[in-house]
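The structure under discussion appears below in the form of structure tokens.
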Amino acid sequence: MQNQFLLLTRTFVLVAVCLTSTAFVQGQDSSPRQPETLQAIKVVTDKAPDCSSLKSIVESVTRGCKTNDEKAIAIYNFLRLANYHLNYPSEKGGISSLKLLNVYGWSLCGGLHTVEASLWREMGWEWRYVGWSQPGHTTVEAYYDDQWHYLDTFLKFYAWKPDPRAPGGRTIASQADIRANSDLVTLGFVKDPSRGVYYARDNRFETINDKANFHAPAFFVCGDTPEGVLLGVRNSKIAGSQTGWNGIKFDTDDYSTDVNLSTGQSLTLTWDAVEDGHWWSGKRWTPRHSCGDKEYRNCACLGPILEPYHGTSAARGYANGQLRVAYDIRKGSSTPHFMESQNTRHTDHGLVPVDEGRSASITLRLASPYIMTLAQGHAAGADQVEVSTDAGKSFKTVSLNDFSDAVQGHYQALVRISFNKQLADVSLNATVQCNRCSLPYLSPGKNKVTVSVQNPRSLGDNTLVVTYAYHLGSRQKSYEDLADGGFEIGRAHHASWSDDLTVVEKRFTADQLPATFEIDVPTPKDRYPVYPQMAFLRREVVSAKENPLPLPANSVSSQISPDEELKTLPNPFLVGIVAPPRRIIRPTTTRRIELPTKQVVGRNGEVFENHFLKWTKDNRETWVMLVQGELHLPNRKQIAAARLILPVTDATPQSAMKVGVVRLKAPFELGKPYDYANLSDVISTNVIPKQPDGQPYNPAREFSIDVTRVVKQMATGGTVYHGFGIRTIQDRGVDDGWTVRLDMANRKPVILELDVFSQTE
């Protein structure tokens with residue numbers, strides 16, 4: 001849908017502004033003049049970060065924070081959203097934190113943590129770099145409340161430590177704290193095997209007291225581990241408090257996020273990408289997060305914001321915008337803002353040379369806070385086009401059909417168009433690269449949008465037009481359903497977005513600026529809120545007699561129907577600042593459901609009479625037990641816990657072993673082979689201790705594996721029940737490299753044990 005918009009904007013005959021200025025006098029050359037420009041056209045929303053400066057970022061993302069720990073986590077969460085890990089971008093002279101956030105949005109550990117430290121400096125905190133030699137890694141720590149604190153936006157990790165002096169009795173630990181007390185990591189975190197992420201042991205994405213613990217932060221979401229942190233802090237060295245790392249630096253220098261436009265100019269920033277529309281100096285790769293959607297699909301702070309784009313591009317990359325300059329010189333509405341004009345005069349048919357014996361020319365300027373990647377234009381009657389990227393010191397002849405090579409990697413350029421007879425209309429279009437995660441997105445519910453400019457009087461009789469375009473969406477299932485069903489927060493599970501493009505277009509005159517307006521993002525009453533899928537934000541300056549750029553064909557106006565209401569979601573930057581709710585202890589009764597039908601199968605279709613479980617490291621011997629039985633489950637809200645009870649007769653005397661449960665995607669028949677493709681990924685595990693003295697258990701000893709989540713999912717109908725599979729899992733951290741085997745009693749059934757609340761509200 002966004003691509004359709006881009007095609008429309010590429011082919012549209014552009015809005016024009018025409019010549020009536022006394023600067024064009026018949027028989028004379030017009031003198032060079034600097035066009036009057038509307039400066040610093042700023043659009044921000046009250047729920048999105050304000051990325052116009054490092055100071056505004058800190059102020060906007062820490063709104064509502066009361067303690068320094070809360071502020072540190074809010075900045076960490078923002079950086080999780082605004083950046084992903086990929087090789088360092090580069091520009092001559094380096095890239096400032098502000099530019100990295102607005103233009104690129106990717107870097108490696110040293111670059112990402114430079115941005116983090118630069119925001120800490122805005123907070124007035126001290127900072128220091130800490131380098132790891134094994135594994136190789138660059139980290140930073142912040143100093144506040146008289147101690148150091150470690151938050152790693154690359155590994156996606158921080159840990160709490162007890163601190164009686166801190167609010168709530170805890171504070172974020174430093175690397176020295178972790179090195180001194182490894183239990184902060186080893187006992188503080190637990191892996192969710194089905195989601196592939198870690199949670200704080202007492203703060204997981206699950207239902208607590210019938211409410212989803214939505215604010216449980218996910219850690220190590222790209223596949224790193226607590227063990228890696230412990231190894232790193234043991235092999236670390238303080239590297240000082242410099243203000244940059246590997247070409248990424250704190251100071252902004254001359255970079256500005258100001259959007260400056262004159263009449264006939266527009267900047268449309270999109271949340272989508274144009275093919276080949278990226279800039280990465282010296283790199284041929286297309287910028288893209290190499291971990292796919294791992295970083296956000298289970299993350300409460302950025303998953304909901306990013307999931308509207310999961311269907312079109314699961315992995316984050318770059319986004320684009322269109323910078324346009326357009327004048328139809330044949331019309332007589334107002335003065336075009338040329339940087340310079342030579343030997344020109346205006347007629348009803350366009351510009352012509354004053355002195356017909358020599359060439360005439362006009363010079364236009366392309367400039368924005370976003371780096372240019374592609375460029376093309378049109379100029380009816382042009383004889384030569386030249387481009388300068390050094391402020392007019394030198395010009396290079398180009399083809400107006402495609403002058404991308406001349407402007408790539410630059411933030412501004414002068415385009416000089418020469419003609420000998422007549423110039424009728426002119427349009428220039430530059431594709432720019434932006435970081436969509438730094439754009440002022442909309443949130444479900446009510447949004448307050450603020451529009452400001454530095455010099456509103458310069459607008460004169462013209463109009464500033466601000467346009468938001470987005471697709472509304474909703475979710476069929478609640479976060480409680482997602483938590484209990486094992487779904488992921490930010491992977492668009494049970495969510496959808498409209499094909500219609502909702503558009504809000506606002507027009508402002510000089511005396512109306514600065515201005516505020518509201519955009520309502522509704523949700524159907526019988527559904528749950530999601531973030532809208534943003535399409536574009538456009539700023540354009542339009543003359544009094546012209547219309548704004550046209551809207552896409554599928555555009556509809558913003559309105560709330562009687563079947564909709566303004567539902568909201570929690571502030572994503574505050575995810576993790578509070579401890580989970582205290583569980584209310586409610587009485588339960590235990591039910592035991594026998595699953596008597598069972599058989600052991602091998603990978604190649606063998607059916608075994610024994611009840612041995614084995615899965616060797618080379619996958620040559622695989623014995624998996626399939627179990628099923630009639631299952632009558634209570635309502636999901638009645639289920640407090642569910643466990644599979646295994647009747648074990650023999651374990652492995654040399655070591656402990658990890659045993660896991662999988663869900664069967666299809667039923668099995670006794671005595672017949674079973675396709676391993678119908679085994680799900682492991683949904684839960686437990687460790688069986690080594691066999692004491694090598695003697696069998698007599699009678700069989702019961703060991704349990706928690707299956708609460710998948711059983712709740714079955715109770716809601718989200719997963720069809722066909723039975724369970726039980727298998728061993730080779731894990732050197734558990735079995736020390738031994739090949740392990742588990743034997744279960746032949747005549748005893750596997751039990752599904754349920755804890756059911758005695759009373760439900």
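Labels used: A, B, ... for chains in the order of the structure tokens, numbers from 1 for residues in each chain, and numbers from 1 for ligands as shown.
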For Thr431 in chain A, find every residue with an atom within 7 Å (counting only C-alpha atoms), except residues of its own chain fewer than 5 positions away, and show them as a ChimeraX atom specification.
/A:277,320-323,372-375
Export, as a compact mmCIF listing (two decimals), in the first residue's frame, the selected residues with C-alpha atoms.
# COMPACT_ATOMS: atom_id res chain seq x y z
CA GLY A 277 16.87 3.60 -1.92
CA ASN A 320 12.61 6.46 2.73
CA GLY A 321 11.05 9.80 1.96
CA GLN A 322 10.54 12.04 -1.03
CA LEU A 323 11.92 15.58 -1.18
CA MET A 372 19.84 11.53 -0.55
CA THR A 373 19.94 8.16 -2.31
CA LEU A 374 18.10 8.52 -5.64
CA ALA A 375 17.15 11.54 -7.73
Kindly indicate which residue among A:Thr344, A:Trp125, A:Tyr528, A:Gly311 lies nearest to Arg358 in chain A, using only C-alpha atoms for the distances.
A:Thr344
Give me, as a PDB file with C-alpha atoms, in the first residue's frame, all polymer residues having an atom no more than 10 Å from range 690-704 of chain A, counting only C-alpha atoms and skipping those fewer than 2 positions away in the same chain.
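Final file, part03.pdb:
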ATOM      1  CA  ALA A 642      -0.751 -27.992  34.334  1.00  0.00           C
ATOM      2  CA  ARG A 643       1.982 -30.654  34.444  1.00  0.00           C
ATOM      3  CA  LEU A 644       2.798 -33.839  32.620  1.00  0.00           C
ATOM      4  CA  ILE A 645       3.716 -36.548  35.164  1.00  0.00           C
ATOM      5  CA  LEU A 646       6.232 -39.084  33.844  1.00  0.00           C
ATOM      6  CA  PRO A 647       6.532 -42.531  35.542  1.00  0.00           C
ATOM      7  CA  VAL A 648      10.319 -43.031  35.365  1.00  0.00           C
ATOM      8  CA  THR A 649      11.953 -46.384  36.120  1.00  0.00           C
ATOM      9  CA  ASP A 650      15.515 -45.726  34.902  1.00  0.00           C
ATOM     10  CA  ALA A 651      17.478 -42.533  34.246  1.00  0.00           C
ATOM     11  CA  THR A 652      21.208 -42.199  33.458  1.00  0.00           C
ATOM     12  CA  PRO A 653      23.584 -43.023  36.340  1.00  0.00           C
ATOM     13  CA  GLN A 654      26.462 -40.873  35.014  1.00  0.00           C
ATOM     14  CA  SER A 655      24.635 -37.540  34.755  1.00  0.00           C
ATOM     15  CA  ALA A 656      21.424 -35.590  34.900  1.00  0.00           C
ATOM     16  CA  MET A 657      19.441 -35.164  31.679  1.00  0.00           C
ATOM     17  CA  VAL A 659      13.698 -33.946  29.036  1.00  0.00           C
ATOM     18  CA  THR A 685      11.589 -28.896  29.745  1.00  0.00           C
ATOM     19  CA  ASN A 686      12.723 -30.235  33.094  1.00  0.00           C
ATOM     20  CA  VAL A 687      15.905 -31.843  34.390  1.00  0.00           C
ATOM     21  CA  ILE A 688      15.799 -35.460  35.600  1.00  0.00           C
ATOM     22  CA  ASP A 706       5.202 -27.824  33.311  1.00  0.00           C
ATOM     23  CA  VAL A 707       2.799 -27.535  30.334  1.00  0.00           C
ATOM     24  CA  ASP A 735      24.506 -33.896  30.940  1.00  0.00           C
ATOM     25  CA  VAL A 740      21.472 -39.998  28.059  1.00  0.00           C
ATOM     26  CA  LEU A 742      15.227 -42.398  29.989  1.00  0.00           C
ATOM     27  CA  ASP A 743      13.043 -45.460  30.659  1.00  0.00           C
ATOM     28  CA  MET A 744       9.398 -45.181  31.661  1.00  0.00           C
ATOM     29  CA  ALA A 745       7.097 -47.772  33.230  1.00  0.00           C
ATOM     30  CA  ASN A 746       5.321 -49.885  30.647  1.00  0.00           C
ATOM     31  CA  LYS A 748       1.709 -46.903  34.087  1.00  0.00           C
ATOM     32  CA  VAL A 750       1.492 -40.617  31.687  1.00  0.00           C
ATOM     33  CA  ILE A 751      -0.676 -38.223  33.726  1.00  0.00           C
ATOM     34  CA  LEU A 752      -1.827 -34.708  32.897  1.00  0.00           C
ATOM     35  CA  GLU A 753      -2.163 -33.068  36.303  1.00  0.00           C
TER      36      GLU A 753
END
With range 563-571 of chain A as the partner and 12 Å as the cut-off, tabulate the residues of range 504-542 of chain A that qualify, each row holding the nearest pair of atoms and their distance in Å to one decimal, using only C-alpha atoms, sorted by chain and rising number, as JSON lines.
{"residue": "A:Ile519", "atom": "CA", "partner": "A:Leu566", "partner_atom": "CA", "distance": 10.8}
{"residue": "A:Asp520", "atom": "CA", "partner": "A:Leu566", "partner_atom": "CA", "distance": 7.2}
{"residue": "A:Val521", "atom": "CA", "partner": "A:Leu566", "partner_atom": "CA", "distance": 6.7}
{"residue": "A:Pro522", "atom": "CA", "partner": "A:Leu566", "partner_atom": "CA", "distance": 4.7}
{"residue": "A:Thr523", "atom": "CA", "partner": "A:Glu564", "partner_atom": "CA", "distance": 5.3}
{"residue": "A:Pro524", "atom": "CA", "partner": "A:Glu564", "partner_atom": "CA", "distance": 4.2}
{"residue": "A:Lys525", "atom": "CA", "partner": "A:Glu564", "partner_atom": "CA", "distance": 5.1}
{"residue": "A:Asp526", "atom": "CA", "partner": "A:Asp563", "partner_atom": "CA", "distance": 8.3}
{"residue": "A:Arg527", "atom": "CA", "partner": "A:Glu564", "partner_atom": "CA", "distance": 9.2}
{"residue": "A:Tyr528", "atom": "CA", "partner": "A:Lys567", "partner_atom": "CA", "distance": 7.7}
{"residue": "A:Pro529", "atom": "CA", "partner": "A:Lys567", "partner_atom": "CA", "distance": 6.0}
{"residue": "A:Val530", "atom": "CA", "partner": "A:Leu569", "partner_atom": "CA", "distance": 7.7}
{"residue": "A:Tyr531", "atom": "CA", "partner": "A:Leu569", "partner_atom": "CA", "distance": 8.5}
{"residue": "A:Pro532", "atom": "CA", "partner": "A:Thr568", "partner_atom": "CA", "distance": 11.6}
Dump as an mmCIF file, in the first residue's frame, selection limited to C-alpha atoms:
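What follows is the written file result.cif:
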data_model
loop_
_atom_site.group_PDB
_atom_site.id
_atom_site.type_symbol
_atom_site.label_atom_id
_atom_site.label_comp_id
_atom_site.auth_asym_id
_atom_site.auth_seq_id
_atom_site.Cartn_x
_atom_site.Cartn_y
_atom_site.Cartn_z
ATOM 1 C CA ILE A 519 -5.916 12.480 15.770
ATOM 2 C CA ASP A 520 -8.112 9.712 17.136
ATOM 3 C CA VAL A 521 -7.018 6.137 16.415
ATOM 4 C CA PRO A 522 -10.054 3.986 17.314
ATOM 5 C CA THR A 523 -10.529 0.245 17.919
ATOM 6 C CA PRO A 524 -13.731 -1.782 17.347
ATOM 7 C CA LYS A 525 -15.536 -2.312 20.650
ATOM 8 C CA ASP A 526 -15.352 -6.106 20.350
ATOM 9 C CA ARG A 527 -11.605 -6.140 19.587
ATOM 10 C CA TYR A 528 -8.303 -5.163 21.170
ATOM 11 C CA PRO A 529 -6.028 -2.209 20.269
ATOM 12 C CA VAL A 530 -2.903 -2.344 18.120
ATOM 13 C CA TYR A 531 -0.688 0.406 16.773
ATOM 14 C CA PRO A 532 -1.723 1.736 13.368
#
Got a sec: who's within 10 Å of Trp279 in chain A, counting only C-alpha atoms, leaving out chain neighbours fewer than 4 positions off, as a PDB file with C-alpha atoms, in the first residue's frame?
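Below is the file that was written, part06.pdb:
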ATOM      1  CA  PRO A  89      27.621   3.176   8.953  1.00  0.00           C
ATOM      2  CA  SER A  90      30.194   5.798   8.038  1.00  0.00           C
ATOM      3  CA  VAL A 103      19.073   8.810   9.163  1.00  0.00           C
ATOM      4  CA  TYR A 104      20.433   5.312   9.756  1.00  0.00           C
ATOM      5  CA  LYS A 283      28.894  -1.114   1.455  1.00  0.00           C
ATOM      6  CA  ARG A 284      26.942  -2.970  -1.184  1.00  0.00           C
ATOM      7  CA  TRP A 285      24.755  -4.761   1.341  1.00  0.00           C
ATOM      8  CA  THR A 286      21.198  -3.665   1.833  1.00  0.00           C
ATOM      9  CA  PRO A 287      20.783  -2.536   5.465  1.00  0.00           C
ATOM     10  CA  TYR A 318      15.850   1.408   6.163  1.00  0.00           C
ATOM     11  CA  ILE A 371      20.662  11.726   3.167  1.00  0.00           C
ATOM     12  CA  MET A 372      19.835  11.528  -0.545  1.00  0.00           C
ATOM     13  CA  THR A 373      19.940   8.165  -2.311  1.00  0.00           C
ATOM     14  CA  LEU A 374      18.098   8.519  -5.640  1.00  0.00           C
ATOM     15  CA  GLN A 408      24.003  10.074  -3.327  1.00  0.00           C
ATOM     16  CA  GLY A 409      25.425  10.421   0.162  1.00  0.00           C
ATOM     17  CA  HIS A 410      24.731  14.174   0.378  1.00  0.00           C
ATOM     18  CA  VAL A 432      15.997  10.336   0.994  1.00  0.00           C
ATOM     19  CA  GLN A 433      16.802   7.717   3.617  1.00  0.00           C
ATOM     20  CA  CYS A 434      15.301   7.900   7.097  1.00  0.00           C
TER      21      CYS A 434
END
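The closest residue to Asp152 in chain A, picked from A:Arg603, A:His471, A:Lys617, A:His113 and counting only C-alpha atoms, is A:His113.
Nearest to Asp681 in chain A of all the residues A:Gly188, A:Gly111, A:Gly196, A:Gly247 is A:Gly196, counting only C-alpha atoms.
When the distance limit is 6 Å and only C-alpha atoms are what count, the residues near range 136-148 of chain A, minus those fewer than 3 positions from it on the same chain, are Cys109, Gly110, Trp125, Glu126, Trp127, Arg128, Tyr129, Val130, Gly131, Trp132, Ser133 and Ser174 of chain A.
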Using N, CA and C atoms, can you write the selected residues to a file as a PDB file, in the first residue's frame?
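Result file selection24.pdb:
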ATOM      1  N   CYS A 109      27.987  -2.693  18.444  1.00  0.00           N
ATOM      2  CA  CYS A 109      27.875  -2.420  19.879  1.00  0.00           C
ATOM      3  C   CYS A 109      28.476  -1.075  20.277  1.00  0.00           C
ATOM      4  N   GLY A 110      29.667  -0.755  19.769  1.00  0.00           N
ATOM      5  CA  GLY A 110      30.292   0.500  20.152  1.00  0.00           C
ATOM      6  C   GLY A 110      29.497   1.708  19.705  1.00  0.00           C
ATOM      7  N   TRP A 125      24.512  12.761  33.581  1.00  0.00           N
ATOM      8  CA  TRP A 125      25.200  11.626  34.208  1.00  0.00           C
ATOM      9  C   TRP A 125      26.606  11.465  33.634  1.00  0.00           C
ATOM     10  N   GLU A 126      27.479  10.881  34.437  1.00  0.00           N
ATOM     11  CA  GLU A 126      28.769  10.440  33.940  1.00  0.00           C
ATOM     12  C   GLU A 126      28.601   9.097  33.223  1.00  0.00           C
ATOM     13  N   TRP A 127      29.583   8.761  32.399  1.00  0.00           N
ATOM     14  CA  TRP A 127      29.542   7.505  31.667  1.00  0.00           C
ATOM     15  C   TRP A 127      30.957   6.973  31.515  1.00  0.00           C
ATOM     16  N   ARG A 128      31.065   5.690  31.202  1.00  0.00           N
ATOM     17  CA  ARG A 128      32.367   5.121  30.895  1.00  0.00           C
ATOM     18  C   ARG A 128      32.182   3.917  29.977  1.00  0.00           C
ATOM     19  N   TYR A 129      33.134   3.749  29.057  1.00  0.00           N
ATOM     20  CA  TYR A 129      33.154   2.572  28.190  1.00  0.00           C
ATOM     21  C   TYR A 129      33.848   1.433  28.932  1.00  0.00           C
ATOM     22  N   VAL A 130      33.324   0.220  28.742  1.00  0.00           N
ATOM     23  CA  VAL A 130      33.937  -0.979  29.304  1.00  0.00           C
ATOM     24  C   VAL A 130      34.062  -1.997  28.175  1.00  0.00           C
ATOM     25  N   GLY A 131      35.289  -2.374  27.843  1.00  0.00           N
ATOM     26  CA  GLY A 131      35.520  -3.311  26.749  1.00  0.00           C
ATOM     27  C   GLY A 131      35.661  -4.734  27.250  1.00  0.00           C
ATOM     28  N   TRP A 132      35.112  -5.677  26.500  1.00  0.00           N
ATOM     29  CA  TRP A 132      35.255  -7.100  26.808  1.00  0.00           C
ATOM     30  C   TRP A 132      36.220  -7.711  25.809  1.00  0.00           C
ATOM     31  N   SER A 133      37.122  -8.549  26.313  1.00  0.00           N
ATOM     32  CA  SER A 133      38.046  -9.247  25.419  1.00  0.00           C
ATOM     33  C   SER A 133      37.517 -10.614  25.009  1.00  0.00           C
ATOM     34  N   SER A 174      25.750  -2.942  38.262  1.00  0.00           N
ATOM     35  CA  SER A 174      26.909  -2.662  37.421  1.00  0.00           C
ATOM     36  C   SER A 174      27.561  -3.978  37.024  1.00  0.00           C
TER      37      SER A 174
END
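If you look at CA of Asn547 in chain A and CA of Arg324 in chain A, they are 15.0 Å away from each other.
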Within 12 Å of range 252-255 of chain A, counting only C-alpha atoms, which residues qualify if same-chain residues fewer than 4 places away don't, as number ranges by chain?
A: 52-55, 93-103, 115, 118, 243-244, 248, 259, 368-371, 411-412
Between A:Val352, A:Ala40, A:Cys301, A:Val233, single out the one closest to Val575 in chain A, counting only C-alpha atoms.
A:Cys301
Of the candidates A:Tyr84, A:Phe536, A:Phe487, A:Phe403, which shows the shortest atom-to-atom distance to Arg288 in chain A, using only C-alpha atoms?
A:Tyr84
DSSP alpha helix (DSSP H) residues within range 358-596 of chain A, as an MDAnalysis selection string
chainID A and resid 404:407 479:485
Suppose we keep C-alpha atoms; can you now write the selection as a PDB file, in the first residue's frame?
ATOM      1  CA  SER A 404      21.273   9.719  -8.390  1.00  0.00           C
ATOM      2  CA  ASP A 405      25.027   9.199  -8.689  1.00  0.00           C
ATOM      3  CA  ALA A 406      25.642  12.929  -8.385  1.00  0.00           C
ATOM      4  CA  VAL A 407      23.730  13.435  -5.122  1.00  0.00           C
ATOM      5  CA  TYR A 479      -3.064 -10.110  25.786  1.00  0.00           C
ATOM      6  CA  GLU A 480      -4.279 -12.695  28.301  1.00  0.00           C
ATOM      7  CA  ASP A 481      -5.062 -14.987  25.360  1.00  0.00           C
ATOM      8  CA  LEU A 482      -1.633 -14.289  23.871  1.00  0.00           C
ATOM      9  CA  ALA A 483       0.143 -14.973  27.161  1.00  0.00           C
ATOM     10  CA  ASP A 484      -1.703 -18.198  27.914  1.00  0.00           C
ATOM     11  CA  GLY A 485      -1.591 -19.394  24.332  1.00  0.00           C
TER      12      GLY A 485
END
Restricting the calculation to only C-alpha atoms: of A:Arg365, A:Arg63, A:His494, A:Arg732, which residue gets closest to Ala430 in chain A?
A:Arg365
